[in-house]
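**Student:** Mind having a look at this structure? Questions to follow.
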Amino acid sequence: MALFEAIPALLVLADGTTYRGWSFGATGTAIGEVVFNTGMTGYQEVLTDPSYCGQIVVFTYPELGNTGVNPEDEESARPQVRGAIARNICTRPSNWRCSQSLPDYLKQHQIPGIYGIDTRALTRKIRIYGAMNGGISTEILDEAELLERVLAAPVMSGLNLVREVTTQTAYEWSETTDPAWEFNPQAKANSDETLTVVALDFGIKRNILRRLASYGCRVIVVPAHTPKEEILKYNPDGIFLSNGPGDPAAVTEGIETAKALLSAQKPMFGICMGHQILGHALGAETYKLKFGHRGLNQPAGLEKRVEITSQNHSFAINPDTLPEAVVEISHLNLNDHTIAGVRHKNLPVFSVQYHPEASPGPHDADYLFENFVQAMRAARQTPNSSNEVKIK
């Protein structure tokens, strides 16, 4: 885009810091929590990840949009971010899979973006002072006026955004990972019988569903507010708790449902928001991280085992509140030693803070889907007694 054609844009943070740049995508005003993602690829997956609902994402990679966008790489039906921030923007993408440029894609979905600012300085500020609300605007170019709008917006702590992204009706998912991209062709090995998984949708990503289907699962996705009785009517072999946006402590219906489902003793697997909700259901508490973990190369592990993982979250389980009698830590984030995974000591129940479906990201943790499948097969062979376990 020629500079004389560019539309001025303003970014204001809640602490009054301002950045002036140029607009890409839609014009207008967007208010949300400003966070940064350090991934060098996968911007379309990031933009369409429902876990980013309510947030404005700063991309630390210096140029965005080189490969354009395409329908196959969307993690949901549309971009979920409130806005996007970049150093440079490519308006003429070059990739054989490209169907649209990034600016045109965001414009189509009414998502504002700003480019031409020092994203290194902005990222450093967030790392030092923490994630905070901010606003992007092409129509409010007065700093004080935009700051007033930013300060009036709710903060992320205490905010339930799941109801904005969860499905409204139950549906069945059967699409597997495209054979051209399948990195574990043995995923369906020994899958003589179909396992039924009910997935509670707190903001689920499509590639999580594809990985479950690739392992031979029949996946039924239900709204986040679906009660235990409705879920168990499907006679599931396992329960999946999905990723999602906002403060997990505010998703009270999901926590109560997960707690109730624990009594059924069925295998349960949680990812990201699902991990945090499971923590609450087991009696733990969560807290907000200073700036969260968002990127493709976060090391996680325990006892001499390291996985490089894709992560995207603002909250973490407080280790001091974990009920040690029934829950153990299975993974730590090896950068800051926050909890990255837990498992129940007596039940086939486990969860991780990161994204083993790796879209985008490395595939080190794909084995977790296999572990879930193995737990469901074992449960079929040794069905539980009719007595339910009471969770305190």
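Residues are named by chain letter and number: chains run A, B, ... in the order of the structure tokens, numbers start at 1 in each chain, and ligands are numbered from 1 in the order shown.
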Quick one: which stretch 297-377 of chain A residues come within 10 Å of stretch 263-276 of chain A, and what is the nearest atom pair for each with the distance in Å to one decimal, counting only C-alpha atoms, rows ordered by chain and ascending number, as JSON lines?

**Tutor:**
{"residue": "A:Gln311", "atom": "CA", "partner": "A:Cys272", "partner_atom": "CA", "distance": 8.1}
{"residue": "A:Asn312", "atom": "CA", "partner": "A:Cys272", "partner_atom": "CA", "distance": 7.7}
{"residue": "A:His313", "atom": "CA", "partner": "A:Cys272", "partner_atom": "CA", "distance": 6.9}
{"residue": "A:Ser314", "atom": "CA", "partner": "A:Met273", "partner_atom": "CA", "distance": 9.7}
{"residue": "A:Phe315", "atom": "CA", "partner": "A:Gln276", "partner_atom": "CA", "distance": 7.8}
{"residue": "A:Ala316", "atom": "CA", "partner": "A:Gln276", "partner_atom": "CA", "distance": 6.8}
{"residue": "A:Ile317", "atom": "CA", "partner": "A:Gln276", "partner_atom": "CA", "distance": 6.3}
{"residue": "A:Asn318", "atom": "CA", "partner": "A:Gln276", "partner_atom": "CA", "distance": 9.8}
{"residue": "A:Ala340", "atom": "CA", "partner": "A:His275", "partner_atom": "CA", "distance": 8.8}
{"residue": "A:Gly341", "atom": "CA", "partner": "A:His275", "partner_atom": "CA", "distance": 7.6}
{"residue": "A:Val342", "atom": "CA", "partner": "A:His275", "partner_atom": "CA", "distance": 8.0}
{"residue": "A:Arg343", "atom": "CA", "partner": "A:Phe269", "partner_atom": "CA", "distance": 9.3}
{"residue": "A:His344", "atom": "CA", "partner": "A:Met268", "partner_atom": "CA", "distance": 9.8}
{"residue": "A:Asn346", "atom": "CA", "partner": "A:Gln265", "partner_atom": "CA", "distance": 9.5}
{"residue": "A:Leu347", "atom": "CA", "partner": "A:Gln265", "partner_atom": "CA", "distance": 6.4}
{"residue": "A:Pro348", "atom": "CA", "partner": "A:Pro267", "partner_atom": "CA", "distance": 4.7}
{"residue": "A:Val349", "atom": "CA", "partner": "A:Met268", "partner_atom": "CA", "distance": 4.6}
{"residue": "A:Phe350", "atom": "CA", "partner": "A:Phe269", "partner_atom": "CA", "distance": 5.3}
{"residue": "A:Ser351", "atom": "CA", "partner": "A:Gly270", "partner_atom": "CA", "distance": 4.3}
{"residue": "A:Val352", "atom": "CA", "partner": "A:Ile271", "partner_atom": "CA", "distance": 5.2}
{"residue": "A:Gln353", "atom": "CA", "partner": "A:Cys272", "partner_atom": "CA", "distance": 4.3}
{"residue": "A:Tyr354", "atom": "CA", "partner": "A:Cys272", "partner_atom": "CA", "distance": 5.7}
{"residue": "A:His355", "atom": "CA", "partner": "A:Ile271", "partner_atom": "CA", "distance": 6.5}
{"residue": "A:Pro356", "atom": "CA", "partner": "A:Ile271", "partner_atom": "CA", "distance": 8.2}
{"residue": "A:Glu357", "atom": "CA", "partner": "A:Ile271", "partner_atom": "CA", "distance": 9.7}
{"residue": "A:Leu368", "atom": "CA", "partner": "A:Phe269", "partner_atom": "CA", "distance": 8.8}
{"residue": "A:Phe369", "atom": "CA", "partner": "A:Phe269", "partner_atom": "CA", "distance": 8.6}
{"residue": "A:Asn371", "atom": "CA", "partner": "A:Phe269", "partner_atom": "CA", "distance": 9.4}
{"residue": "A:Phe372", "atom": "CA", "partner": "A:Phe269", "partner_atom": "CA", "distance": 6.6}
{"residue": "A:Val373", "atom": "CA", "partner": "A:Pro267", "partner_atom": "CA", "distance": 8.9}
{"residue": "A:Gln374", "atom": "CA", "partner": "A:Pro267", "partner_atom": "CA", "distance": 9.5}
{"residue": "A:Ala375", "atom": "CA", "partner": "A:Pro267", "partner_atom": "CA", "distance": 6.2}
{"residue": "A:Met376", "atom": "CA", "partner": "A:Pro267", "partner_atom": "CA", "distance": 5.9}
{"residue": "A:Arg377", "atom": "CA", "partner": "A:Pro267", "partner_atom": "CA", "distance": 9.5}

**Student:** Go ahead and save the picked residues with N, CA and C atoms, as an mmCIF file, in the first residue's frame.

**Tutor:**
data_model
loop_
_atom_site.group_PDB
_atom_site.id
_atom_site.type_symbol
_atom_site.label_atom_id
_atom_site.label_comp_id
_atom_site.auth_asym_id
_atom_site.auth_seq_id
_atom_site.Cartn_x
_atom_site.Cartn_y
_atom_site.Cartn_z
ATOM 1 N N GLN A 311 1.237 -22.510 23.057
ATOM 2 C CA GLN A 311 0.441 -22.065 24.201
ATOM 3 C C GLN A 311 -0.265 -20.748 23.908
ATOM 4 N N ASN A 312 -1.391 -20.567 24.576
ATOM 5 C CA ASN A 312 -2.175 -19.345 24.437
ATOM 6 C C ASN A 312 -3.100 -19.236 25.643
ATOM 7 N N HIS A 313 -2.647 -18.545 26.685
ATOM 8 C CA HIS A 313 -3.502 -18.411 27.863
ATOM 9 C C HIS A 313 -3.038 -17.263 28.739
ATOM 10 N N SER A 314 -3.981 -16.735 29.520
ATOM 11 C CA SER A 314 -3.717 -15.632 30.452
ATOM 12 C C SER A 314 -3.737 -16.076 31.902
ATOM 13 N N PHE A 315 -4.341 -17.245 32.172
ATOM 14 C CA PHE A 315 -4.551 -17.691 33.545
ATOM 15 C C PHE A 315 -3.826 -19.017 33.780
ATOM 16 N N ALA A 316 -3.570 -19.329 35.051
ATOM 17 C CA ALA A 316 -2.908 -20.574 35.412
ATOM 18 C C ALA A 316 -3.480 -21.085 36.730
ATOM 19 N N ILE A 317 -3.317 -22.383 36.961
ATOM 20 C CA ILE A 317 -3.760 -22.989 38.214
ATOM 21 C C ILE A 317 -2.763 -22.645 39.317
ATOM 22 N N ASN A 318 -3.289 -22.252 40.465
ATOM 23 C CA ASN A 318 -2.459 -21.947 41.625
ATOM 24 C C ASN A 318 -2.021 -23.261 42.271
ATOM 25 N N ALA A 340 1.598 -26.685 33.949
ATOM 26 C CA ALA A 340 1.236 -26.886 32.547
ATOM 27 C C ALA A 340 0.453 -28.178 32.329
ATOM 28 N N GLY A 341 0.288 -28.974 33.376
ATOM 29 C CA GLY A 341 -0.485 -30.205 33.230
ATOM 30 C C GLY A 341 -0.753 -30.841 34.585
ATOM 31 N N VAL A 342 -1.932 -31.452 34.720
ATOM 32 C CA VAL A 342 -2.276 -32.177 35.951
ATOM 33 C C VAL A 342 -2.956 -33.489 35.581
ATOM 34 N N ARG A 343 -2.937 -34.430 36.520
ATOM 35 C CA ARG A 343 -3.689 -35.673 36.335
ATOM 36 C C ARG A 343 -4.221 -36.144 37.683
ATOM 37 N N HIS A 344 -5.359 -36.796 37.620
ATOM 38 C CA HIS A 344 -5.992 -37.349 38.816
ATOM 39 C C HIS A 344 -5.271 -38.627 39.213
ATOM 40 N N ASN A 346 -6.476 -41.182 40.879
ATOM 41 C CA ASN A 346 -7.313 -42.383 40.926
ATOM 42 C C ASN A 346 -8.208 -42.559 39.709
ATOM 43 N N LEU A 347 -8.540 -41.468 39.039
ATOM 44 C CA LEU A 347 -9.442 -41.514 37.893
ATOM 45 C C LEU A 347 -8.671 -41.251 36.596
ATOM 46 N N PRO A 348 -9.175 -41.728 35.450
ATOM 47 C CA PRO A 348 -8.532 -41.473 34.151
ATOM 48 C C PRO A 348 -8.834 -40.055 33.659
ATOM 49 N N VAL A 349 -8.360 -39.091 34.409
ATOM 50 C CA VAL A 349 -8.671 -37.678 34.166
ATOM 51 C C VAL A 349 -7.362 -36.899 34.139
ATOM 52 N N PHE A 350 -7.142 -36.115 33.075
ATOM 53 C CA PHE A 350 -5.917 -35.333 32.975
ATOM 54 C C PHE A 350 -6.152 -34.116 32.088
ATOM 55 N N SER A 351 -5.235 -33.165 32.154
ATOM 56 C CA SER A 351 -5.377 -31.946 31.356
ATOM 57 C C SER A 351 -4.028 -31.276 31.198
ATOM 58 N N VAL A 352 -3.920 -30.440 30.158
ATOM 59 C CA VAL A 352 -2.710 -29.662 29.922
ATOM 60 C C VAL A 352 -3.066 -28.222 29.594
ATOM 61 N N GLN A 353 -2.146 -27.323 29.953
ATOM 62 C CA GLN A 353 -2.361 -25.907 29.729
ATOM 63 C C GLN A 353 -2.070 -25.511 28.278
ATOM 64 N N TYR A 354 -1.374 -26.373 27.556
ATOM 65 C CA TYR A 354 -0.951 -26.024 26.193
ATOM 66 C C TYR A 354 -1.813 -26.702 25.146
ATOM 67 N N HIS A 355 -1.415 -26.586 23.870
ATOM 68 C CA HIS A 355 -2.246 -27.046 22.749
ATOM 69 C C HIS A 355 -1.572 -28.187 21.990
ATOM 70 N N PRO A 356 -1.858 -29.450 22.337
ATOM 71 C CA PRO A 356 -1.216 -30.573 21.656
ATOM 72 C C PRO A 356 -1.654 -30.756 20.206
ATOM 73 N N GLU A 357 -2.745 -30.109 19.790
ATOM 74 C CA GLU A 357 -3.137 -30.215 18.379
ATOM 75 C C GLU A 357 -2.187 -29.434 17.482
ATOM 76 N N LEU A 368 -0.836 -37.069 23.644
ATOM 77 C CA LEU A 368 -1.881 -36.903 24.654
ATOM 78 C C LEU A 368 -3.243 -37.348 24.134
ATOM 79 N N PHE A 369 -3.492 -37.152 22.843
ATOM 80 C CA PHE A 369 -4.741 -37.654 22.266
ATOM 81 C C PHE A 369 -4.754 -39.185 22.302
ATOM 82 N N ASN A 371 -3.170 -41.010 24.490
ATOM 83 C CA ASN A 371 -3.385 -41.386 25.891
ATOM 84 C C ASN A 371 -4.861 -41.352 26.252
ATOM 85 N N PHE A 372 -5.573 -40.334 25.747
ATOM 86 C CA PHE A 372 -7.003 -40.212 26.001
ATOM 87 C C PHE A 372 -7.746 -41.408 25.411
ATOM 88 N N VAL A 373 -7.390 -41.762 24.179
ATOM 89 C CA VAL A 373 -8.025 -42.898 23.512
ATOM 90 C C VAL A 373 -7.750 -44.192 24.277
ATOM 91 N N GLN A 374 -6.515 -44.382 24.710
ATOM 92 C CA GLN A 374 -6.175 -45.587 25.466
ATOM 93 C C GLN A 374 -6.956 -45.665 26.780
ATOM 94 N N ALA A 375 -7.140 -44.505 27.419
ATOM 95 C CA ALA A 375 -7.916 -44.477 28.665
ATOM 96 C C ALA A 375 -9.365 -44.874 28.408
ATOM 97 N N MET A 376 -9.929 -44.428 27.285
ATOM 98 C CA MET A 376 -11.310 -44.784 26.960
ATOM 99 C C MET A 376 -11.438 -46.272 26.644
ATOM 100 N N ARG A 377 -10.457 -46.827 25.929
ATOM 101 C CA ARG A 377 -10.491 -48.263 25.632
ATOM 102 C C ARG A 377 -10.385 -49.083 26.912
#

**Student:** What's around stretch 223-230 of chain A at 7 Å? Count only C-alpha atoms, leave out sequence neighbours fewer than 5 positions away in its own chain, and write the answer as JSON, numbers by chain.

**Tutor:** {"A": [166, 167, 168, 169, 170, 200, 201, 202, 253, 254, 257, 260, 261]}

**Student:** Could you pull the residues within 9 Å of A:Thr321, counting only C-alpha atoms, minus those fewer than 6 positions along the same chain, as a list in words?

**Tutor:** Gly283, Ala284, Glu285 and Thr286 of chain A

**Student:** Any chance you can output those residues with N, CA, C and O atoms as a PDB file, in the first residue's frame?

**Tutor:**
ATOM      1  N   GLY A 283     -11.160 -28.545  42.878  1.00  0.00           N
ATOM      2  CA  GLY A 283     -10.994 -27.806  44.122  1.00  0.00           C
ATOM      3  C   GLY A 283      -9.886 -26.776  44.123  1.00  0.00           C
ATOM      4  O   GLY A 283      -9.651 -26.110  45.139  1.00  0.00           O
ATOM      5  N   ALA A 284      -9.188 -26.609  43.003  1.00  0.00           N
ATOM      6  CA  ALA A 284      -8.103 -25.638  42.932  1.00  0.00           C
ATOM      7  C   ALA A 284      -8.635 -24.261  42.526  1.00  0.00           C
ATOM      8  O   ALA A 284      -9.820 -24.098  42.210  1.00  0.00           O
ATOM      9  N   GLU A 285      -7.750 -23.274  42.522  1.00  0.00           N
ATOM     10  CA  GLU A 285      -8.078 -21.922  42.091  1.00  0.00           C
ATOM     11  C   GLU A 285      -7.129 -21.511  40.963  1.00  0.00           C
ATOM     12  O   GLU A 285      -6.058 -22.114  40.793  1.00  0.00           O
ATOM     13  N   THR A 286      -7.538 -20.514  40.193  1.00  0.00           N
ATOM     14  CA  THR A 286      -6.686 -19.983  39.135  1.00  0.00           C
ATOM     15  C   THR A 286      -6.354 -18.521  39.411  1.00  0.00           C
ATOM     16  O   THR A 286      -7.039 -17.861  40.187  1.00  0.00           O
TER      17      THR A 286
END

**Student:** May I ask which of the residues A:Lys188, A:Lys233, A:Arg305, A:Arg149 is the closest one to A:Tyr215, counting only C-alpha atoms?

**Tutor:**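 Among the listed residues, A:Lys188 lies closest to A:Tyr215.
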
**Student:** Which residue out of A:Val306, A:Met40, A:Leu161, A:Leu282 has the minimum interatomic distance to A:Lys345 when only C-alpha atoms are used?

**Tutor:** A:Leu282

**Student:** So that I can check the surroundings of A:Asn37, please list as a PDB file with C-alpha atoms, in the first residue's frame every protein, DNA and RNA residue that reaches within 12 Å of it, counting only C-alpha atoms and ignoring chain neighbours fewer than 6 positions away.

**Tutor:**
ATOM      1  CA  TYR A  43      -1.124 -15.856  12.061  1.00  0.00           C
ATOM      2  CA  GLU A  45      -4.791 -19.783  13.117  1.00  0.00           C
ATOM      3  CA  VAL A  46      -4.103 -17.214  15.835  1.00  0.00           C
ATOM      4  CA  LEU A  47      -6.624 -14.729  14.481  1.00  0.00           C
ATOM      5  CA  TYR A  52      -8.370 -14.807  21.632  1.00  0.00           C
ATOM      6  CA  GLN A  55      -8.164  -9.469  22.853  1.00  0.00           C
ATOM      7  CA  ILE A  56      -6.063  -7.326  20.527  1.00  0.00           C
ATOM      8  CA  VAL A  57      -3.022  -9.338  19.442  1.00  0.00           C
ATOM      9  CA  VAL A  58       0.443  -7.886  18.899  1.00  0.00           C
ATOM     10  CA  PHE A  59       2.435 -10.052  16.479  1.00  0.00           C
ATOM     11  CA  THR A  60       6.149  -9.904  17.277  1.00  0.00           C
ATOM     12  CA  TYR A  61       7.175 -11.343  13.898  1.00  0.00           C
ATOM     13  CA  PRO A  62       8.166  -8.271  11.851  1.00  0.00           C
ATOM     14  CA  ALA A  84      -4.434  -6.902  15.290  1.00  0.00           C
ATOM     15  CA  ILE A  85      -1.137  -5.041  15.638  1.00  0.00           C
ATOM     16  CA  ALA A  86       1.873  -5.511  13.336  1.00  0.00           C
ATOM     17  CA  THR A 119       6.039  -3.698  18.127  1.00  0.00           C
ATOM     18  CA  ARG A 120       9.297  -4.489  19.957  1.00  0.00           C
ATOM     19  CA  LEU A 122       5.104  -2.414  22.743  1.00  0.00           C
ATOM     20  CA  THR A 123       5.914  -6.048  23.565  1.00  0.00           C
ATOM     21  CA  ILE A 126       3.576  -5.524  28.131  1.00  0.00           C
ATOM     22  CA  ARG A 127       6.288  -7.795  29.527  1.00  0.00           C
ATOM     23  CA  ALA A 131      -1.225  -7.100  29.662  1.00  0.00           C
ATOM     24  CA  PHE A 291       1.323 -11.252  30.411  1.00  0.00           C
ATOM     25  CA  GLY A 292       0.448 -14.895  29.756  1.00  0.00           C
ATOM     26  CA  HIS A 293       2.015 -17.441  27.408  1.00  0.00           C
ATOM     27  CA  ARG A 294       1.360 -17.053  23.680  1.00  0.00           C
ATOM     28  CA  GLY A 295       3.684 -18.636  21.174  1.00  0.00           C
ATOM     29  CA  LEU A 296       4.857 -21.831  19.492  1.00  0.00           C
ATOM     30  CA  ASN A 297       7.999 -22.714  21.422  1.00  0.00           C
ATOM     31  CA  GLN A 298       7.077 -22.914  25.098  1.00  0.00           C
ATOM     32  CA  SER A 310       2.074 -24.171  21.491  1.00  0.00           C
ATOM     33  CA  GLN A 311       0.441 -22.065  24.201  1.00  0.00           C
ATOM     34  CA  ASN A 312      -2.175 -19.345  24.437  1.00  0.00           C
ATOM     35  CA  HIS A 313      -3.502 -18.411  27.863  1.00  0.00           C
ATOM     36  CA  SER A 314      -3.717 -15.632  30.452  1.00  0.00           C
ATOM     37  CA  PRO A 360       0.131 -23.720  14.698  1.00  0.00           C
TER      38      PRO A 360
END

**Student:** Here is a test: counting only C-alpha atoms, which residue of A:Ala258, A:Asn207, A:Asn133, A:Phe24 is nearest to A:Ile231?

**Tutor:**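 Among A:Ala258, A:Asn207, A:Asn133, A:Phe24, it is A:Ala258 that comes nearest to A:Ile231.
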
**Student:** If you measure from atom CA of A:Gly203 to atom CA of A:Tyr171, what distance in Å do you get, rounded to one decimal?

**Tutor:** 14.1 Å

**Student:** Can you work out which one of A:Glu72, A:Asp320, A:Thr38, A:Ile255 has the shortest atom-to-atom distance to A:Arg124, counting only C-alpha atoms?

**Tutor:**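 Closest to A:Arg124 of all the choices is A:Thr38.
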
**Student:** Using DSSP on the backbone coordinates, identify the residues of stretch 105-348 of chain A assigned to helix (DSSP H, G or I); present them as a VMD selection string.

**Tutor:** chain A and resid 105 to 108 119 to 129 143 to 152 162 to 165 206 to 214 228 to 232 248 to 250 252 to 262 273 to 281 319 to 321
